[in-house]
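See below for input01.cif, which holds mmCIF, C-alpha atoms.
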```cif
data_target
loop_
_atom_site.label_atom_id
_atom_site.label_comp_id
_atom_site.auth_asym_id
_atom_site.auth_seq_id
_atom_site.Cartn_x
_atom_site.Cartn_y
_atom_site.Cartn_z
CA MET A 22 131.82 54.67 43.71
CA ASN A 23 128.29 53.77 42.60
CA GLU A 24 128.35 51.43 39.59
CA ASN A 25 125.90 53.61 37.60
CA ARG A 26 128.00 56.73 38.17
CA ARG A 27 131.13 54.88 37.05
CA GLN A 28 129.32 53.76 33.88
CA ILE A 29 128.30 57.33 33.08
CA LEU A 30 131.79 58.69 33.67
CA GLU A 31 133.29 55.96 31.49
CA MET A 32 130.92 56.88 28.67
CA LEU A 33 131.90 60.53 29.06
CA ALA A 34 135.60 59.66 29.02
CA ALA A 35 135.11 57.50 25.92
CA GLY A 36 133.32 60.37 24.16
CA LYS A 37 130.07 58.43 23.78
CA ILE A 38 128.14 61.21 25.53
CA ASN A 39 128.84 64.89 26.04
CA VAL A 40 129.00 66.84 29.32
CA ASP A 41 125.34 67.95 29.26
CA GLU A 42 124.11 64.41 28.74
CA ALA A 43 126.38 63.12 31.51
CA GLU A 44 125.01 65.76 33.86
CA ARG A 45 121.41 64.73 33.03
CA LEU A 46 122.21 61.10 33.67
CA LEU A 47 123.94 61.87 36.96
CA ALA A 48 120.98 64.01 38.03
CA ALA A 49 118.71 61.03 37.36
CA LEU A 50 120.68 59.13 39.97
CA GLU A 51 120.08 61.73 42.67
CA PRO A 52 118.90 60.04 45.90
CA ASP A 53 115.91 62.37 46.37
CA ARG A 54 114.23 60.93 43.29
CA THR A 55 111.45 58.69 44.54
CA SER A 56 110.47 57.06 41.28
CA VAL A 57 112.12 53.86 40.25
CA GLY A 58 113.26 53.35 36.72
CA GLY A 59 115.46 56.40 36.38
CA PHE A 60 116.32 57.84 33.01
CA THR A 61 115.69 56.06 29.77
CA GLY A 62 116.09 57.67 26.44
CA THR A 63 118.11 58.20 23.32
CA ILE A 64 121.21 60.26 23.72
CA ALA A 65 123.05 61.65 20.75
CA GLY A 66 126.66 60.88 21.53
CA ALA A 67 129.81 61.97 19.79
CA ASN A 68 129.82 58.79 17.68
CA GLY A 69 126.07 58.66 16.95
CA THR A 70 122.96 57.92 18.92
CA LYS A 71 122.94 55.60 21.88
CA ASP A 72 120.10 54.29 24.03
CA THR A 73 121.02 54.64 27.65
CA THR A 74 119.07 53.38 30.60
CA VAL A 75 120.05 54.24 34.14
CA LYS A 76 118.04 52.53 36.84
CA THR A 77 117.77 53.85 40.37
CA GLN A 78 117.74 51.16 43.03
CA ALA A 79 114.39 50.46 44.68
CA LYS A 80 114.39 50.98 48.44
CA TYR A 81 110.97 49.64 49.35
CA LEU A 82 108.45 47.12 48.14
CA ARG A 83 104.83 48.11 48.51
CA VAL A 84 101.91 45.72 48.49
CA LEU A 85 98.40 47.09 48.18
CA VAL A 86 95.38 44.87 48.59
CA GLU A 87 91.90 46.28 48.03
CA ALA A 88 88.70 44.35 48.47
CA ASP A 89 85.18 45.67 48.62
CA GLU A 90 82.61 44.66 51.22
CA SER A 91 80.86 42.26 48.88
CA MET A 92 84.06 40.23 48.75
CA THR A 93 84.95 40.22 52.42
CA GLY A 94 81.53 40.39 54.03
CA MET A 95 82.78 43.14 56.32
CA LYS A 96 81.43 46.65 56.62
CA GLY A 97 83.19 49.03 54.26
CA PRO A 98 86.07 48.33 51.91
CA THR A 99 89.09 46.46 53.18
CA THR A 100 92.53 47.74 52.31
CA VAL A 101 95.93 46.51 53.30
CA ASN A 102 98.89 48.72 52.53
CA VAL A 103 102.29 47.34 53.47
CA ARG A 104 105.63 48.96 52.74
CA VAL A 105 108.64 46.77 53.37
CA PRO A 106 112.28 47.82 53.04
CA MET A 107 114.15 45.86 50.36
CA GLN A 108 116.79 45.12 52.99
CA LEU A 109 114.18 43.19 54.96
CA LEU A 110 113.30 41.11 51.91
CA ARG A 111 116.97 40.31 51.32
CA ALA A 112 117.31 39.31 54.97
CA GLY A 113 114.23 37.14 54.61
CA VAL A 114 115.73 35.39 51.60
CA ARG A 115 118.89 34.71 53.63
CA LEU A 116 116.62 33.23 56.30
CA ALA A 117 115.74 30.51 53.81
CA SER A 118 119.41 29.49 53.85
CA LEU A 119 118.98 28.47 57.50
CA ILE A 120 116.56 25.72 56.56
CA PRO A 121 118.41 22.40 56.89
CA LYS A 122 119.24 20.81 53.54
CA GLN A 123 117.30 17.66 54.36
CA ALA A 124 114.17 19.75 54.79
CA HIS A 125 114.59 21.47 51.41
CA ASP A 126 113.41 18.50 49.37
CA GLN A 127 110.36 17.97 51.55
CA LEU A 128 109.48 21.67 51.41
CA ASP A 129 109.96 21.82 47.62
CA GLU A 130 107.69 18.80 47.23
CA ALA A 131 105.03 20.29 49.50
CA LEU A 132 105.17 23.60 47.62
CA SER A 133 104.83 21.94 44.22
CA ARG A 134 101.85 19.92 45.47
CA HIS A 135 100.16 23.20 46.31
CA GLY A 136 100.89 24.57 42.88
CA VAL A 137 103.98 26.61 43.75
CA PRO A 138 106.86 25.36 41.56
CA LEU A 139 109.64 26.81 43.70
CA THR A 140 113.06 25.42 44.55
CA LEU A 141 114.06 26.89 47.90
CA SER A 142 117.77 26.24 47.53
CA GLN A 143 117.88 28.34 44.37
CA ILE A 144 116.39 31.45 45.94
CA LYS A 145 119.22 33.89 46.52
CA PRO A 146 119.39 37.65 47.25
CA GLU A 147 120.66 38.25 43.67
CA ASN A 148 117.52 36.59 42.26
CA LEU A 149 115.45 38.94 44.39
CA GLU A 150 117.12 41.99 42.83
CA GLU A 151 116.43 40.66 39.36
CA LEU A 152 112.83 39.92 40.24
CA VAL A 153 112.24 43.40 41.64
CA ASP A 154 113.96 45.00 38.64
CA HIS A 155 111.48 43.30 36.33
CA LEU A 156 108.54 43.82 38.67
CA GLU A 157 107.98 47.55 38.08
CA ASP A 158 104.25 47.73 38.68
CA LEU A 159 102.37 44.48 38.97
CA THR A 160 98.60 44.46 39.36
CA VAL A 161 96.70 41.26 39.87
CA ASP A 162 92.93 41.04 39.97
CA VAL A 163 91.88 38.02 41.95
CA GLU A 164 88.46 36.75 40.96
CA GLY A 165 86.23 35.80 43.83
CA ASN A 166 82.72 34.49 44.07
CA GLU A 167 79.93 36.04 41.99
CA GLY A 168 82.35 38.09 39.92
CA HIS A 169 83.77 40.11 42.83
CA THR A 170 87.44 40.92 42.59
CA VAL A 171 90.26 41.70 44.93
CA LYS A 172 92.91 43.97 43.52
CA VAL A 173 96.47 43.21 44.54
CA ARG A 174 99.14 45.65 43.48
CA VAL A 175 102.83 45.10 44.06
CA PHE A 176 105.45 47.66 43.11
CA SER A 177 108.81 48.93 44.18
CA GLU A 178 109.57 52.50 45.14
CA MET B 14 120.31 50.30 61.95
CA THR B 15 118.32 48.74 64.75
CA PRO B 16 114.66 49.72 65.07
CA ASN B 17 114.35 52.49 67.63
CA ILE B 18 110.69 53.47 67.73
CA ALA B 19 107.43 51.85 66.70
CA VAL B 20 104.44 54.12 66.08
CA VAL B 21 101.11 52.39 66.54
CA GLN B 22 97.72 53.95 65.99
CA ILE B 23 94.37 52.21 66.22
CA GLU B 24 91.05 53.69 65.17
CA THR B 25 87.61 52.15 65.43
CA PRO B 26 84.29 53.76 64.41
CA HIS B 27 83.66 54.65 68.08
CA TRP B 28 87.12 55.33 69.38
CA ARG B 29 90.36 56.76 68.14
CA CYS B 30 93.61 56.51 70.05
CA ILE B 31 96.47 58.96 69.75
CA PRO B 32 99.56 57.58 68.06
CA LEU B 33 101.57 55.51 70.52
CA TRP B 34 105.31 56.01 70.25
CA ILE B 35 106.86 52.86 71.62
CA PRO B 36 110.59 53.22 72.42
CA LEU B 37 111.97 49.95 71.09
CA PHE B 38 115.49 50.99 72.04
CA LEU B 39 114.56 50.45 75.69
CA PHE B 40 114.13 46.75 74.99
CA TRP B 41 117.86 46.52 74.35
CA ILE B 42 118.55 46.99 78.08
CA PRO B 43 116.89 43.75 79.22
CA ALA B 44 118.10 42.08 76.02
CA ILE B 45 121.70 42.85 76.99
CA PHE B 46 121.16 41.32 80.44
CA LEU B 47 119.46 38.26 78.96
CA SER B 48 121.91 37.94 76.07
CA PRO B 49 123.74 34.89 77.47
CA LEU B 50 120.44 33.02 77.73
CA ILE B 51 119.34 34.22 74.27
CA PHE B 52 122.64 33.10 72.73
CA LEU B 53 122.32 29.75 74.46
CA VAL B 54 118.83 29.21 73.05
CA ILE B 55 119.90 30.24 69.54
CA PHE B 56 122.97 28.02 69.68
CA GLY B 57 120.90 25.09 70.96
CA LEU B 58 118.28 25.48 68.24
CA ALA B 59 120.91 25.95 65.54
CA ILE B 60 122.85 22.85 66.58
CA ALA B 61 119.64 20.82 66.82
CA GLY B 62 118.69 21.99 63.34
CA LYS B 63 122.22 21.28 62.02
CA VAL B 64 122.70 24.90 61.06
CA ASP B 65 125.77 27.09 61.64
CA PRO B 66 124.86 29.03 64.84
CA TRP B 67 126.95 32.07 63.87
CA LYS B 68 125.20 32.24 60.53
CA ALA B 69 121.85 32.00 62.30
CA ILE B 70 122.78 34.88 64.61
CA ALA B 71 123.98 36.96 61.65
CA VAL B 72 120.77 36.37 59.71
CA LEU B 73 118.54 37.18 62.69
CA TRP B 74 120.51 40.33 63.40
CA ASN B 75 120.24 41.33 59.75
CA LEU B 76 116.50 40.75 59.93
CA ILE B 77 116.11 42.94 63.01
CA CYS B 78 118.25 45.73 61.55
CA SER B 79 116.17 45.72 58.35
CA LEU B 80 112.91 46.52 60.15
CA PRO B 81 113.18 50.36 60.18
CA GLY B 82 111.13 51.77 57.33
CA THR B 83 108.37 49.19 57.56
CA HIS B 84 104.89 50.64 57.30
CA VAL B 85 101.71 48.63 57.71
CA ARG B 86 98.25 50.08 57.29
CA VAL B 87 95.14 47.95 57.51
CA VAL B 88 91.58 49.20 57.10
CA ALA B 89 88.89 46.62 57.72
CA ASP B 90 85.36 46.57 59.08
CA GLY B 91 85.53 50.27 59.90
CA ALA B 92 88.67 49.86 61.99
CA LYS B 93 92.10 51.14 61.07
CA VAL B 94 95.48 50.04 62.31
CA TYR B 95 98.69 51.86 61.45
CA VAL B 96 102.10 50.57 62.41
CA ARG B 97 105.36 52.24 61.51
CA VAL B 98 108.83 51.12 62.53
CA LEU B 99 111.41 53.90 62.64
#
```

Using structure tokens, write down the structure from this file.
Amino acid sequence: MNENRRQILEMLAAGKINVDEAERLLAALEPDRTSVGGFTGTIAGANGTKDTTVKTQAKYLRVLVEADESMTGMKGPTTVNVRVPMQLLRAGVRLASLIPKQAHDQLDEALSRHGVPLTLSQIKPENLEELVDHLEDLTVDVEGNEGHTVKVRVFSE
Amino acid sequence: MTPNIAVVQIETPHWRCIPLWIPLFLFWIPAIFLSPLIFLVIFGLAIAGKVDPWKAIAVLWNLICSLPGTHVRVVADGAKVYVRVL
């Protein structure tokens, strides 16, 4: 049984929420909902008010890059729109586990020299879930020459 | 689920191609025949890299099976490329 559903049913059994509230929370977990984040709000339970947040799991990560022609030098705006299944990202993280241990230190050193303070051995699929949970909608404006910007937007859906 | 079909569409300012539906599942037929050679190569590389070969195969298989649902759309210099893996 889905962990979120179990949590809702336990709250109902404990009398913290009533049947209507449980139904609303369960409806927020419906798979046809495309938005990530789910239901967040204050629910008046039998023993007082409770804040309850139910998060639906993200299925895809989308990366949008937009640059105008003044930035790229090409005719017309340049856009890159990539949607990647979360499963692929998790598989990619597991790929890092194939790197031989002796190479880890050299790679970590090379990454830190290039300004990326990352420790490869500590990247795990669980960290990825946490990162995506906190990601929500990230927009980065990259400043280029003469004040031109490239907009990079990363979000889960 | 293994990727079954790739849909590729390319558009330029002067030319637009119809979406190409590439049956990726047909590549499994030669892959099955070549599987002993493929396994040998993977095993050789894994042993040379001091990595568990079974783990390497599992990770690569996981990677391939995660591809369905990937969408890539690039618009640059008037040209457009769409790739979808189903």

Test item: the PyMOL selection byres ((chain B) within 9 of (chain A)) resolved as a PyMOL selection string | chain B and resi 59+62-65+68-69+72-73+75-91

Can you tell me how far atom CA of B:Phe40 sits from atom CA of B:Ile18, in Å to one decimal?
->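 So the two atoms, atom CA of B:Phe40 and atom CA of B:Ile18, lie 10.5 Å apart.
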
What is the distance, in Å and to one decimal place, between atom CA of B:Gln22 and atom CA of A:Val173?
->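 If I compute the distance from atom CA of B:Gln22 to atom CA of A:Val173, I get 24.0 Å.
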
Give as a list in words the residues that the PyMOL selection byres ((chain B and resi 25-34) around 10) matches when applied to the coordinates above.
-> Ile18, Ala19, Val20, Val21, Gln22, Ile23, Glu24, Ile35, Pro36, Leu37, Val88, Ala89, Asp90, Gly91, Ala92, Lys93, Val94, Tyr95, Val96, Arg97, Val98 and Leu99 of chain B

Using all atoms listed in the file, pick whichever of B:Leu50, B:Trp41, B:Ile55, B:Ala71 has the shortest atom-to-atom distance to B:Thr15.
-> B:Trp41

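In this structure, atom CA of B:Val54 sits 14.8 Å away from atom CA of B:Trp74.
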
Nearest-residue call for A:Met32, choices A:Glu44, A:Ala131, A:Phe176, A:Asp126, using all atoms listed in the file |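 Of A:Glu44, A:Ala131, A:Phe176, A:Asp126, the one nearest A:Met32, counting all atoms listed in the file, is A:Glu44.
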